[in-house]
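Below is one structure, written out as structure tokens; comments come after it.
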Amino acid sequence: MKRKATAVWNGTGKEGKGHLTTQSTILNQTQYSFGSRFDEGIGTNPEELIAAAHAGCFSMKLAFNLQAAGFSAEELKTNCVVVLEEGSITQSNLELTATVPNVTEEQFAELVKDAELNCPVSKVLNATVSVSYTLQN
């Protein structure tokens, strides 16, 4: 499987602007700029996209782990905060709220840890990855 995206940038780093388009076109010439990355400007930014990718990847990996263990989640809601410090992404902090009937705390903790370590986005990040969770049965 291969997925692709295209970034177009015009101008200088601070005054320039660009847009992003993904293969699926869910992003279709979506604006990004210095303002949307380092301030609260209109548009997206790479860190926000990485946070979305990590939250989605982790949630799906955990759903597969639960399924393999004989459980089905009613809901997995994962928030992700990516931290950019001195030009590097240093942390990706996942916060999970899960509703999974009949799973024990011990079983769930093991499945979460596996998803944290083995979702493809966790593996590609050169950053500290952490997960905190609340389990609701």
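We name chains A, B, ... following the order of the structure tokens; residues begin at 1 in each chain, and ligands are numbered from 1 as shown.
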Excluding Thr97 (chain A) and any residue of its chain fewer than 2 positions from it, enumerate the residues within 8 Å of it, using only C-alpha atoms, and give them as a list in words. Glu75, Leu76, Lys77, Thr78, Glu95, Thr99, Tyr133, Thr134, Leu135 and Gln136 of chain A
Excluding His54 (chain A) and its own-chain neighbours fewer than 4 positions away, which residues fall within 7 Å of it when counting only C-alpha atoms? Please give them as a PyMOL selection string. chain A and resi 50+58+121-122
Filtering to N, CA, C and O atoms, could you give me those residues as a short mmCIF file (atom, residue, chain, number, x, y, z; two decimals), in the first residue's frame?
```
data_model
loop_
_atom_site.label_atom_id
_atom_site.label_comp_id
_atom_site.auth_asym_id
_atom_site.auth_seq_id
_atom_site.Cartn_x
_atom_site.Cartn_y
_atom_site.Cartn_z
N ILE A 50 -0.07 15.48 11.87
CA ILE A 50 0.57 14.35 12.54
C ILE A 50 -0.26 13.94 13.75
O ILE A 50 -0.45 12.74 14.00
N PHE A 58 -3.50 5.02 16.15
CA PHE A 58 -3.54 4.37 17.46
C PHE A 58 -4.92 3.76 17.73
O PHE A 58 -5.03 2.61 18.16
N VAL A 121 2.21 4.84 13.02
CA VAL A 121 2.62 6.22 13.25
C VAL A 121 3.52 6.31 14.48
O VAL A 121 4.52 7.04 14.47
N SER A 122 3.23 5.56 15.54
CA SER A 122 4.12 5.53 16.70
C SER A 122 5.52 5.09 16.27
O SER A 122 6.52 5.64 16.74
#
```
Residue with smallest distance to Lys113 (chain A) - pool A:Leu125, A:Leu62, A:Val81, A:Ala69, counting only C-alpha atoms: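 Using only C-alpha atoms, Lys113 (chain A) sits closest to A:Leu62.
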Pick the closest to Glu47 (chain A) from A:Val82, A:Leu94, A:Val103, A:Val124: which is it, counting only C-alpha atoms?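 Result for the nearest residue to Glu47 (chain A): A:Val82.
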Distance CA of Leu84 (chain A)-CA of Ser33 (chain A), one decimal place? 15.8 Å
Region 3-133 of chain A: residues DSSP assigns to helix (DSSP H, G or I), reported as an mmCIF file with C-alpha atoms, in the first residue's frame:
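And here is the file that came out, states_12.cif:
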```
data_model
loop_
_atom_site.group_PDB
_atom_site.id
_atom_site.type_symbol
_atom_site.label_atom_id
_atom_site.label_comp_id
_atom_site.auth_asym_id
_atom_site.auth_seq_id
_atom_site.Cartn_x
_atom_site.Cartn_y
_atom_site.Cartn_z
ATOM 1 C CA PHE A 34 3.601 30.461 9.053
ATOM 2 C CA GLY A 35 0.526 31.875 10.790
ATOM 3 C CA SER A 36 -1.352 28.576 10.841
ATOM 4 C CA ARG A 37 1.729 26.764 12.106
ATOM 5 C CA PHE A 38 3.158 29.101 14.704
ATOM 6 C CA PRO A 46 2.130 19.626 9.733
ATOM 7 C CA GLU A 47 1.928 19.076 13.497
ATOM 8 C CA GLU A 48 -1.881 19.133 13.493
ATOM 9 C CA LEU A 49 -1.889 16.581 10.679
ATOM 10 C CA ILE A 50 0.571 14.350 12.541
ATOM 11 C CA ALA A 51 -1.621 14.588 15.658
ATOM 12 C CA ALA A 52 -4.676 13.523 13.637
ATOM 13 C CA ALA A 53 -2.745 10.711 11.981
ATOM 14 C CA HIS A 54 -1.401 9.432 15.296
ATOM 15 C CA ALA A 55 -4.798 9.560 17.038
ATOM 16 C CA GLY A 56 -6.444 7.734 14.139
ATOM 17 C CA CYS A 57 -3.703 5.141 13.737
ATOM 18 C CA PHE A 58 -3.538 4.365 17.458
ATOM 19 C CA SER A 59 -7.340 4.039 17.721
ATOM 20 C CA MET A 60 -7.511 1.666 14.775
ATOM 21 C CA LYS A 61 -4.594 -0.466 16.060
ATOM 22 C CA LEU A 62 -6.290 -0.693 19.463
ATOM 23 C CA ALA A 63 -9.584 -1.708 17.799
ATOM 24 C CA PHE A 64 -7.762 -4.541 15.990
ATOM 25 C CA ASN A 65 -6.064 -5.576 19.257
ATOM 26 C CA LEU A 66 -9.417 -5.639 21.052
ATOM 27 C CA GLN A 67 -10.992 -7.655 18.235
ATOM 28 C CA ALA A 68 -8.176 -10.229 18.315
ATOM 29 C CA GLU A 105 -8.390 -3.214 33.373
ATOM 30 C CA GLU A 106 -5.387 -5.545 33.068
ATOM 31 C CA GLN A 107 -6.404 -6.845 29.637
ATOM 32 C CA PHE A 108 -7.105 -3.343 28.422
ATOM 33 C CA ALA A 109 -3.810 -1.920 29.684
ATOM 34 C CA GLU A 110 -1.893 -4.630 27.812
ATOM 35 C CA LEU A 111 -3.777 -4.007 24.571
ATOM 36 C CA VAL A 112 -3.300 -0.230 24.886
ATOM 37 C CA LYS A 113 0.449 -0.628 25.453
ATOM 38 C CA ASP A 114 0.741 -2.800 22.348
ATOM 39 C CA ALA A 115 -1.152 -0.226 20.274
ATOM 40 C CA GLU A 116 1.057 2.568 21.667
ATOM 41 C CA LEU A 117 4.230 0.746 20.632
ATOM 42 C CA ASN A 118 3.055 -0.847 17.391
ATOM 43 C CA PRO A 120 2.652 2.515 12.364
ATOM 44 C CA VAL A 121 2.625 6.224 13.247
ATOM 45 C CA SER A 122 4.124 5.533 16.698
ATOM 46 C CA LYS A 123 6.868 3.568 14.985
ATOM 47 C CA VAL A 124 7.746 6.381 12.573
#
```
Given the choices A:His19, A:Asn79, A:Thr12, A:Gly70, which gets closest to Ala98 (chain A) if the distance is worked out from only C-alpha atoms?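 The shortest atom-to-atom distance to Ala98 (chain A) comes from A:Asn79.
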Within 8 Å of Thr6 (chain A) using only C-alpha atoms, minus same-chain residues under 2 positions, as a JSON list (two decimals) with all heavy atoms, in the first residue's frame:
```
[["chain", "number", "residue", "atom", "x", "y", "z"],
["A", 4, "LYS", "N", -0.18, 9.02, -0.93],
["A", 4, "LYS", "CA", 0.63, 10.19, -1.26],
["A", 4, "LYS", "C", -0.11, 11.49, -0.97],
["A", 4, "LYS", "O", -1.34, 11.51, -0.85],
["A", 4, "LYS", "CB", 1.07, 10.17, -2.72],
["A", 4, "LYS", "CG", -0.05, 10.40, -3.71],
["A", 4, "LYS", "CD", 0.48, 10.46, -5.13],
["A", 4, "LYS", "CE", -0.61, 10.93, -6.07],
["A", 4, "LYS", "NZ", -0.10, 11.27, -7.36],
["A", 8, "VAL", "N", 2.56, 22.36, -1.86],
["A", 8, "VAL", "CA", 3.03, 23.44, -2.72],
["A", 8, "VAL", "C", 3.26, 24.65, -1.83],
["A", 8, "VAL", "O", 2.39, 25.01, -1.03],
["A", 8, "VAL", "CB", 2.00, 23.77, -3.83],
["A", 8, "VAL", "CG1", 2.45, 24.98, -4.64],
["A", 8, "VAL", "CG2", 1.77, 22.57, -4.72],
["A", 20, "LEU", "N", -1.90, 22.04, 0.72],
["A", 20, "LEU", "CA", -1.70, 20.60, 0.78],
["A", 20, "LEU", "C", -2.86, 19.88, 0.11],
["A", 20, "LEU", "O", -4.02, 20.26, 0.32],
["A", 20, "LEU", "CB", -1.61, 20.13, 2.24],
["A", 20, "LEU", "CG", -0.55, 20.80, 3.11],
["A", 20, "LEU", "CD1", -0.80, 20.49, 4.57],
["A", 20, "LEU", "CD2", 0.83, 20.36, 2.68],
["A", 21, "THR", "N", -2.54, 18.86, -0.66],
["A", 21, "THR", "CA", -3.56, 18.03, -1.30],
["A", 21, "THR", "C", -3.20, 16.58, -1.07],
["A", 21, "THR", "O", -2.05, 16.18, -1.27],
["A", 21, "THR", "CB", -3.65, 18.33, -2.81],
["A", 21, "THR", "OG1", -3.97, 19.72, -2.98],
["A", 21, "THR", "CG2", -4.73, 17.48, -3.48],
["A", 22, "THR", "N", -4.18, 15.79, -0.63],
["A", 22, "THR", "CA", -3.96, 14.37, -0.41],
["A", 22, "THR", "C", -4.57, 13.55, -1.55],
["A", 22, "THR", "O", -5.45, 14.02, -2.28],
["A", 22, "THR", "CB", -4.57, 13.91, 0.92],
["A", 22, "THR", "OG1", -5.98, 14.20, 0.92],
["A", 22, "THR", "CG2", -3.90, 14.58, 2.09]]
```
Hey, what does DSSP flag as strand (DSSP E) within chain A? Can you give it to me as an mmCIF file with N, CA and C atoms, in the first residue's frame?
```cif
data_model
loop_
_atom_site.group_PDB
_atom_site.id
_atom_site.type_symbol
_atom_site.label_atom_id
_atom_site.label_comp_id
_atom_site.auth_asym_id
_atom_site.auth_seq_id
_atom_site.Cartn_x
_atom_site.Cartn_y
_atom_site.Cartn_z
ATOM 1 N N ALA A 5 0.677 12.524 -0.818
ATOM 2 C CA ALA A 5 0.166 13.878 -0.625
ATOM 3 C C ALA A 5 1.136 14.827 -1.309
ATOM 4 N N THR A 6 0.659 16.013 -1.642
ATOM 5 C CA THR A 6 1.481 17.017 -2.313
ATOM 6 C C THR A 6 1.406 18.321 -1.540
ATOM 7 N N ALA A 7 2.570 18.924 -1.327
ATOM 8 C CA ALA A 7 2.654 20.244 -0.708
ATOM 9 C C ALA A 7 3.199 21.217 -1.747
ATOM 10 N N VAL A 8 2.563 22.364 -1.858
ATOM 11 C CA VAL A 8 3.034 23.439 -2.721
ATOM 12 C C VAL A 8 3.263 24.648 -1.825
ATOM 13 N N TRP A 9 4.440 25.267 -1.934
ATOM 14 C CA TRP A 9 4.780 26.443 -1.131
ATOM 15 C C TRP A 9 5.248 27.540 -2.061
ATOM 16 N N ASN A 10 4.802 28.763 -1.816
ATOM 17 C CA ASN A 10 5.215 29.928 -2.606
ATOM 18 C C ASN A 10 5.697 31.013 -1.654
ATOM 19 N N LYS A 17 3.129 31.250 1.625
ATOM 20 C CA LYS A 17 1.969 30.413 1.961
ATOM 21 C C LYS A 17 1.981 29.206 1.046
ATOM 22 N N GLY A 18 1.206 28.224 1.441
ATOM 23 C CA GLY A 18 1.161 27.004 0.653
ATOM 24 C C GLY A 18 -0.166 26.314 0.779
ATOM 25 N N HIS A 19 -0.235 25.166 0.126
ATOM 26 C CA HIS A 19 -1.430 24.335 0.246
ATOM 27 C C HIS A 19 -1.049 22.872 0.141
ATOM 28 N N LEU A 20 -1.902 22.036 0.716
ATOM 29 C CA LEU A 20 -1.696 20.595 0.778
ATOM 30 C C LEU A 20 -2.863 19.883 0.109
ATOM 31 N N THR A 21 -2.538 18.858 -0.660
ATOM 32 C CA THR A 21 -3.561 18.034 -1.295
ATOM 33 C C THR A 21 -3.203 16.575 -1.066
ATOM 34 N N THR A 22 -4.184 15.792 -0.632
ATOM 35 C CA THR A 22 -3.963 14.366 -0.413
ATOM 36 C C THR A 22 -4.567 13.552 -1.552
ATOM 37 N N THR A 30 -5.623 22.622 0.678
ATOM 38 C CA THR A 30 -5.872 23.153 2.011
ATOM 39 C C THR A 30 -4.719 24.064 2.421
ATOM 40 N N GLN A 31 -5.056 25.253 2.802
ATOM 41 C CA GLN A 31 -4.071 26.297 3.109
ATOM 42 C C GLN A 31 -3.235 25.955 4.331
ATOM 43 N N TYR A 32 -1.943 26.281 4.250
ATOM 44 C CA TYR A 32 -1.092 26.319 5.433
ATOM 45 C C TYR A 32 -0.081 27.438 5.270
ATOM 46 N N SER A 33 0.388 27.955 6.420
ATOM 47 C CA SER A 33 1.268 29.118 6.387
ATOM 48 C C SER A 33 2.025 29.213 7.710
ATOM 49 N N GLU A 75 -16.817 2.661 21.834
ATOM 50 C CA GLU A 75 -16.210 3.904 21.376
ATOM 51 C C GLU A 75 -14.783 4.006 21.885
ATOM 52 N N LEU A 76 -13.889 4.423 21.000
ATOM 53 C CA LEU A 76 -12.521 4.801 21.340
ATOM 54 C C LEU A 76 -12.364 6.243 20.885
ATOM 55 N N LYS A 77 -12.193 7.144 21.827
ATOM 56 C CA LYS A 77 -12.018 8.559 21.497
ATOM 57 C C LYS A 77 -10.609 8.953 21.928
ATOM 58 N N THR A 78 -9.770 9.282 20.953
ATOM 59 C CA THR A 78 -8.368 9.584 21.226
ATOM 60 C C THR A 78 -8.053 11.011 20.821
ATOM 61 N N ASN A 79 -7.601 11.794 21.783
ATOM 62 C CA ASN A 79 -7.064 13.124 21.519
ATOM 63 C C ASN A 79 -5.555 12.998 21.470
ATOM 64 N N CYS A 80 -4.918 13.780 20.619
ATOM 65 C CA CYS A 80 -3.468 13.747 20.509
ATOM 66 C C CYS A 80 -2.933 15.174 20.514
ATOM 67 N N VAL A 81 -1.909 15.396 21.315
ATOM 68 C CA VAL A 81 -1.207 16.672 21.334
ATOM 69 C C VAL A 81 0.231 16.410 20.925
ATOM 70 N N VAL A 82 0.641 17.012 19.820
ATOM 71 C CA VAL A 82 2.015 16.922 19.339
ATOM 72 C C VAL A 82 2.751 18.172 19.817
ATOM 73 N N VAL A 83 3.941 17.980 20.372
ATOM 74 C CA VAL A 83 4.738 19.083 20.906
ATOM 75 C C VAL A 83 5.924 19.344 19.976
ATOM 76 N N LEU A 84 6.020 20.595 19.507
ATOM 77 C CA LEU A 84 7.136 21.036 18.668
ATOM 78 C C LEU A 84 8.011 21.948 19.526
ATOM 79 N N GLU A 85 9.262 21.546 19.718
ATOM 80 C CA GLU A 85 10.200 22.323 20.525
ATOM 81 C C GLU A 85 11.515 22.455 19.767
ATOM 82 N N SER A 88 11.959 20.525 16.519
ATOM 83 C CA SER A 88 11.757 19.074 16.490
ATOM 84 C C SER A 88 10.447 18.706 17.171
ATOM 85 N N ILE A 89 9.791 17.693 16.651
ATOM 86 C CA ILE A 89 8.641 17.121 17.342
ATOM 87 C C ILE A 89 9.214 16.223 18.427
ATOM 88 N N THR A 90 8.969 16.603 19.679
ATOM 89 C CA THR A 90 9.567 15.885 20.800
ATOM 90 C C THR A 90 8.601 14.961 21.518
ATOM 91 N N GLN A 91 7.306 15.212 21.363
ATOM 92 C CA GLN A 91 6.320 14.394 22.067
ATOM 93 C C GLN A 91 5.055 14.241 21.231
ATOM 94 N N SER A 92 4.426 13.106 21.405
ATOM 95 C CA SER A 92 3.078 12.887 20.894
ATOM 96 C C SER A 92 2.312 12.238 22.032
ATOM 97 N N ASN A 93 1.428 13.007 22.648
ATOM 98 C CA ASN A 93 0.711 12.564 23.842
ATOM 99 C C ASN A 93 -0.727 12.217 23.490
ATOM 100 N N LEU A 94 -1.046 10.953 23.638
ATOM 101 C CA LEU A 94 -2.379 10.438 23.323
ATOM 102 C C LEU A 94 -3.194 10.331 24.605
ATOM 103 N N GLU A 95 -4.431 10.807 24.539
ATOM 104 C CA GLU A 95 -5.351 10.701 25.673
ATOM 105 C C GLU A 95 -6.603 9.993 25.182
ATOM 106 N N LEU A 96 -6.849 8.820 25.729
ATOM 107 C CA LEU A 96 -7.905 7.935 25.258
ATOM 108 C C LEU A 96 -9.024 7.837 26.279
ATOM 109 N N THR A 97 -10.250 7.945 25.800
ATOM 110 C CA THR A 97 -11.428 7.594 26.578
ATOM 111 C C THR A 97 -12.090 6.451 25.829
ATOM 112 N N ALA A 98 -12.274 5.333 26.528
ATOM 113 C CA ALA A 98 -12.747 4.129 25.848
ATOM 114 C C ALA A 98 -13.943 3.524 26.570
ATOM 115 N N THR A 99 -14.893 3.076 25.786
ATOM 116 C CA THR A 99 -16.001 2.283 26.299
ATOM 117 C C THR A 99 -15.894 0.911 25.654
ATOM 118 N N THR A 128 8.942 11.061 22.043
ATOM 119 C CA THR A 128 8.369 10.349 23.170
ATOM 120 C C THR A 128 6.869 10.212 22.923
ATOM 121 N N VAL A 129 6.370 8.993 22.977
ATOM 122 C CA VAL A 129 4.946 8.731 22.806
ATOM 123 C C VAL A 129 4.392 8.308 24.167
ATOM 124 N N SER A 130 3.291 8.930 24.571
ATOM 125 C CA SER A 130 2.664 8.544 25.831
ATOM 126 C C SER A 130 1.171 8.390 25.615
ATOM 127 N N VAL A 131 0.576 7.501 26.427
ATOM 128 C CA VAL A 131 -0.864 7.290 26.380
ATOM 129 C C VAL A 131 -1.396 7.320 27.807
ATOM 130 N N SER A 132 -2.440 8.084 28.025
ATOM 131 C CA SER A 132 -3.216 7.992 29.259
ATOM 132 C C SER A 132 -4.633 7.639 28.832
ATOM 133 N N TYR A 133 -5.331 6.902 29.688
ATOM 134 C CA TYR A 133 -6.663 6.488 29.266
ATOM 135 C C TYR A 133 -7.626 6.422 30.434
ATOM 136 N N THR A 134 -8.906 6.462 30.072
ATOM 137 C CA THR A 134 -10.014 6.215 30.984
ATOM 138 C C THR A 134 -10.839 5.123 30.338
ATOM 139 N N LEU A 135 -11.040 4.028 31.055
ATOM 140 C CA LEU A 135 -11.831 2.897 30.555
ATOM 141 C C LEU A 135 -13.192 2.936 31.222
ATOM 142 N N GLN A 136 -14.236 2.897 30.376
ATOM 143 C CA GLN A 136 -15.598 2.839 30.861
ATOM 144 C C GLN A 136 -16.208 1.557 30.346
#
```
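Atom to atom, CA of Leu27 (chain A) and CA of Asp39 (chain A) stand 20.6 Å apart.
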Would you mind reading off the distance between CA of Asn137 (chain A) and CA of Phe71 (chain A), one decimal, in Å?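 Taking CA of Asn137 (chain A) as the start and CA of Phe71 (chain A) as the end point, the length is 11.4 Å.
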